[in-house]
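Visitor: Contents of input29.pdb (PDB, C-alpha atoms) are given next:
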ATOM      1  CA  ASP D  13      68.184 186.118  49.617
ATOM      2  CA  ILE D  14      71.314 188.130  50.294
ATOM      3  CA  LYS D  15      74.597 186.394  49.495
ATOM      4  CA  TYR D  16      78.061 187.369  50.719
ATOM      5  CA  TYR D  17      81.431 187.176  49.022
ATOM      6  CA  PRO D  18      85.000 187.655  50.341
ATOM      7  CA  ASP D  19      86.704 190.996  49.754
ATOM      8  CA  TYR D  20      89.928 189.724  48.221
ATOM      9  CA  ASP D  21      90.935 193.288  47.303
ATOM     10  CA  THR D  22      91.664 194.097  50.966
ATOM     11  CA  ASP D  23      94.595 192.781  53.035
ATOM     12  CA  TYR D  24      93.707 189.370  54.558
ATOM     13  CA  GLU D  25      93.859 190.550  58.195
ATOM     14  CA  ASP D  26      91.632 193.581  57.464
ATOM     15  CA  ALA D  27      89.228 191.925  55.024
ATOM     16  CA  THR D  28      85.524 191.331  55.530
ATOM     17  CA  CYS D  29      82.750 189.839  53.467
ATOM     18  CA  LEU D  30      80.530 192.001  51.301
ATOM     19  CA  PRO D  31      76.872 191.606  50.414
ATOM     20  CA  GLY D  32      76.056 190.601  46.882
ATOM     21  CA  LYS D  33      77.762 188.389  44.303
ATOM     22  CA  MET D  34      80.962 188.823  42.374
ATOM     23  CA  ASN D  35      81.981 186.700  39.429
ATOM     24  CA  GLY D  36      84.854 184.361  40.144
ATOM     25  CA  ARG D  37      84.439 184.514  43.917
ATOM     26  CA  PRO D  38      82.648 182.064  46.172
ATOM     27  CA  SER D  39      79.320 183.149  47.592
ATOM     28  CA  PHE D  40      77.889 182.282  51.006
ATOM     29  CA  ASP D  41      74.407 182.349  52.513
ATOM     30  CA  SER D  42      75.478 184.409  55.531
ATOM     31  CA  MET D  43      78.294 186.728  56.462
ATOM     32  CA  ALA D  44      79.335 184.353  59.248
ATOM     33  CA  GLU D  45      79.649 181.465  56.777
ATOM     34  CA  CYS D  46      81.665 183.716  54.489
ATOM     35  CA  CYS D  47      84.047 184.727  57.298
ATOM     36  CA  ILE D  48      84.558 181.115  58.304
ATOM     37  CA  GLY D  49      84.953 179.883  54.730
ATOM     38  CA  ALA D  50      87.068 182.689  53.291
ATOM     39  CA  TYR D  51      89.155 183.794  56.290
ATOM     40  CA  PRO D  52      89.688 180.713  58.498
ATOM     41  CA  ALA D  53      93.143 181.805  59.705
ATOM     42  CA  GLN D  54      92.355 185.487  60.205
ATOM     43  CA  THR D  55      93.680 186.390  63.659
ATOM     44  CA  SER D  56      92.458 190.001  63.725
ATOM     45  CA  GLY D  57      88.762 189.073  63.780
ATOM     46  CA  ALA D  58      88.082 191.880  61.307
ATOM     47  CA  CYS D  59      85.635 189.854  59.251
ATOM     48  CA  PHE D  60      83.409 188.974  62.218
ATOM     49  CA  ALA D  61      83.785 192.483  63.653
ATOM     50  CA  GLY D  62      82.292 193.815  60.413
ATOM     51  CA  MET D  63      78.989 192.048  61.062
ATOM     52  CA  ASP D  64      75.925 194.036  62.181
ATOM     53  CA  SER D  65      75.800 191.887  65.343
ATOM     54  CA  PRO D  66      79.293 190.452  65.727
ATOM     55  CA  PRO D  67      79.679 187.354  67.884
ATOM     56  CA  THR D  68      81.304 187.727  71.274
ATOM     57  CA  VAL D  69      83.995 185.563  72.792
ATOM     58  CA  ALA D  70      82.652 182.244  74.036
ATOM     59  CA  PRO D  71      81.959 182.389  77.760
ATOM     60  CA  THR D  72      84.435 180.724  80.074
ATOM     61  CA  THR D  73      82.989 178.195  82.473
ATOM     62  CA  GLU D  74      84.309 177.802  86.004
ATOM     63  CA  ALA D  75      85.694 174.405  84.984
ATOM     64  CA  ASP D  76      87.747 176.065  82.216
ATOM     65  CA  LYS D  77      89.394 178.579  84.545
ATOM     66  CA  LYS D  78      92.927 177.745  85.619
ATOM     67  CA  TRP D  79      94.484 178.575  88.972
ATOM     68  CA  PHE D  80      97.890 180.212  89.212
ATOM     69  CA  LYS D  81     100.100 182.018  91.709
ATOM     70  CA  ASP D  82      98.794 185.532  92.252
ATOM     71  CA  PRO D  83     101.280 187.873  90.528
ATOM     72  CA  GLU D  84     100.456 190.466  93.233
ATOM     73  CA  SER D  85     101.542 188.028  95.995
ATOM     74  CA  ASN D  86     105.114 189.194  96.462
ATOM     75  CA  ASP D  87     105.417 187.918 100.040
ATOM     76  CA  PHE D  88     105.655 184.110 100.174
ATOM     77  CA  THR D  89     104.160 183.950 103.679
ATOM     78  CA  THR D  90     100.928 185.654 102.558
ATOM     79  CA  GLY D  91     100.845 184.339  98.979
ATOM     80  CA  THR D  92      97.672 182.958  97.418
ATOM     81  CA  CYS D  93      96.412 181.570  94.112
ATOM     82  CA  ILE D  94      93.821 183.119  91.796
ATOM     83  CA  ASN D  95      91.829 182.189  88.675
ATOM     84  CA  ASP D  96      90.410 185.518  87.585
ATOM     85  CA  GLY D  97      92.108 185.917  84.254
ATOM     86  CA  PRO D  98      94.448 184.340  81.748
ATOM     87  CA  VAL D  99      97.479 182.548  83.156
ATOM     88  CA  PRO D 100     100.452 184.895  82.773
ATOM     89  CA  SER D 101     103.340 183.769  80.609
ATOM     90  CA  GLY D 102     105.834 181.716  82.589
ATOM     91  CA  TYR D 103     103.322 180.757  85.301
ATOM     92  CA  VAL D 104     102.193 177.184  85.980
ATOM     93  CA  ALA D 105      98.449 176.534  85.506
ATOM     94  CA  TYR D 106      96.619 174.279  87.974
ATOM     95  CA  GLY D 107      93.158 172.723  87.788
ATOM     96  CA  THR D 108      92.158 173.600  91.355
ATOM     97  CA  ASN D 109      93.041 176.124  94.016
ATOM     98  CA  ALA D 110      94.302 173.328  96.292
ATOM     99  CA  GLU D 111      96.638 172.016  93.556
ATOM    100  CA  CYS D 112      98.004 175.526  93.073
ATOM    101  CA  CYS D 113      98.617 175.992  96.810
ATOM    102  CA  ALA D 114     100.337 172.604  97.009
ATOM    103  CA  GLY D 115     102.488 173.361  93.969
ATOM    104  CA  GLU D 116     103.391 176.982  94.639
ATOM    105  CA  TYR D 117     103.338 177.197  98.437
ATOM    106  CA  LYS D 118     104.105 173.688  99.696
ATOM    107  CA  THR D 119     106.554 175.004 102.314
ATOM    108  CA  GLN D 120     104.394 177.969 103.352
ATOM    109  CA  THR D 121     103.980 177.621 107.124
ATOM    110  CA  SER D 122     101.429 180.432 107.529
ATOM    111  CA  GLY D 123      98.733 178.501 105.628
ATOM    112  CA  ALA D 124      97.673 181.750 103.911
ATOM    113  CA  CYS D 125      97.189 180.127 100.519
ATOM    114  CA  TYR D 126      94.836 177.447 101.869
ATOM    115  CA  ALA D 127      93.091 179.966 104.128
ATOM    116  CA  GLY D 128      92.247 182.016 101.036
ATOM    117  CA  MET D 129      90.229 179.167  99.519
ATOM    118  CA  ALA D 130      86.418 179.408  99.348
ATOM    119  CA  ASN D 131      86.124 176.139 101.302
ATOM    120  CA  ALA D 132      89.380 176.312 103.213
ATOM    121  CA  PRO D 133      90.587 173.161 104.966
ATOM    122  CA  SER D 134      91.176 173.406 108.695
ATOM    123  CA  ALA D 135      94.878 172.797 108.043
ATOM    124  CA  ALA D 136      97.048 172.400 104.981
ATOM    125  CA  PRO D 137      96.661 168.835 103.723
ATOM    126  CA  SER D 138      99.596 166.525 104.317
ATOM    127  CA  ALA D 139     101.430 165.109 101.387
ATOM    128  CA  VAL D 140     100.545 161.460 100.809
ATOM    129  CA  ALA D 141     104.217 160.590 101.294
ATOM    130  CA  ASP D 142     104.124 162.155 104.788
ATOM    131  CA  ILE D 143     101.315 159.912 106.043
ATOM    132  CA  LYS D 144     102.545 156.947 108.067
ATOM    133  CA  TYR D 145     100.562 153.747 108.623
ATOM    134  CA  TYR D 146     100.657 151.040 111.273
ATOM    135  CA  PRO D 147      99.065 147.578 111.361
ATOM    136  CA  ASP D 148      95.756 147.234 113.189
ATOM    137  CA  TYR D 149      96.614 144.393 115.590
ATOM    138  CA  ASP D 150      93.331 144.832 117.476
ATOM    139  CA  THR D 151      91.312 143.388 114.541
ATOM    140  CA  ASP D 152      91.258 139.723 113.417
ATOM    141  CA  TYR D 153      94.045 139.033 110.922
ATOM    142  CA  GLU D 154      91.640 138.330 108.001
ATOM    143  CA  ASP D 155      89.806 141.656 108.516
ATOM    144  CA  ALA D 156      92.698 143.850 109.606
ATOM    145  CA  THR D 157      93.974 146.820 107.656
ATOM    146  CA  CYS D 158      96.601 149.440 108.199
ATOM    147  CA  LEU D 159      95.623 152.635 109.971
ATOM    148  CA  PRO D 160      96.975 156.121 109.343
ATOM    149  CA  GLY D 161      98.938 157.798 112.084
ATOM    150  CA  LYS D 162     101.633 156.655 114.463
ATOM    151  CA  MET D 163     101.214 154.019 117.127
ATOM    152  CA  ASN D 164     103.843 153.698 119.835
ATOM    153  CA  GLY D 165     105.859 150.493 119.492
ATOM    154  CA  ARG D 166     104.476 149.576 116.112
TER
END
Before anything else, please render the file you have as structure tokens.
Guide:
Amino acid sequence: DIKYYPDYDTDYEDATCLPGKMNGRPSFDSMAECCIGAYPAQTSGACFAGMDSPPTVAPTTEADKKWFKDPESNDFTTGTCINDGPVPSGYVAYGTNAECCAGEYKTQTSGACYAGMANAPSAAPSAVADIKYYPDYDTDYEDATCLPGKMNGR
């Protein structure tokens, strides 16, 4: 069984694990265990990169992707939101495309941001505060509710 030990003779950010054993140094059953155990704060990734088959970055799921204002959208009237990369510094991250459009382009009258959505709404959604309700006087009092919209005289 091959064991691995940390190469403490090399700068921490450049160090890897070496096969074999060395007195006075911890030994690990695999190079990956050695990298994790000996270089937990290594930001360069040099130890893992030194493996015969280095691990790759964990895949990003669609749910993990964040939406943000498209840095290429310089014209507010045609601006859209994207989620095809890391959120640039200084940009606000949103969980959905609709949240991004509402946050970044709430006064956009062209509707371009919403129109750019995969399942675009027929019109930009109204803010909840903009929806008005009126009492439903045509239903018995015990069963009546309020209805959205505007009713003349009510």
Visitor: Assuming the chain letters and numbering stay as they are in my file, what does the PyMOL selection byres ((chain D and resi 38) around 10) actually select? List them as a PyMOL selection string.
Guide: chain D and resi 15-18+33-37+39-40+46+49-50
Visitor: I'd like to know which of D:Ala53, D:Cys125, D:Ile48, D:Cys158 is closest to Cys29 in chain D, using all atoms listed in the file.
Guide: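 Using all atoms listed in the file, the shortest distance to Cys29 in chain D belongs to D:Ile48.
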Visitor: Would you list the contacts of range 118-121 of chain D as a PyMOL selection string, taking every protein, DNA or RNA residue within 9 Å and counting all atoms listed in the file, but skipping same-chain residues closer than 6 positions in sequence?
Guide: chain D and resi 88-91+136
Visitor: CA of Cys93 in chain D and CA of Gly128 in chain D are how many Å apart?
Guide: 8.1 Å
Visitor: Which value, in Å to one decimal, gives the distance between CA of Cys113 in chain D and CA of Asp82 in chain D?
Guide: 10.6 Å
Visitor: I need the residue nearest Asp26 in chain D from this list: D:Ala127, D:Ile14, D:Ala61, D:Ala44. Use only C-alpha atoms for the distance.
Guide: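 With only C-alpha atoms as the atom set, the closest residue is D:Ala61.
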Visitor: Between CA of Tyr103 in chain D and CA of Lys81 in chain D, measure the distance and give it in Å to one decimal.
Guide: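 It comes out at 7.3 Å.
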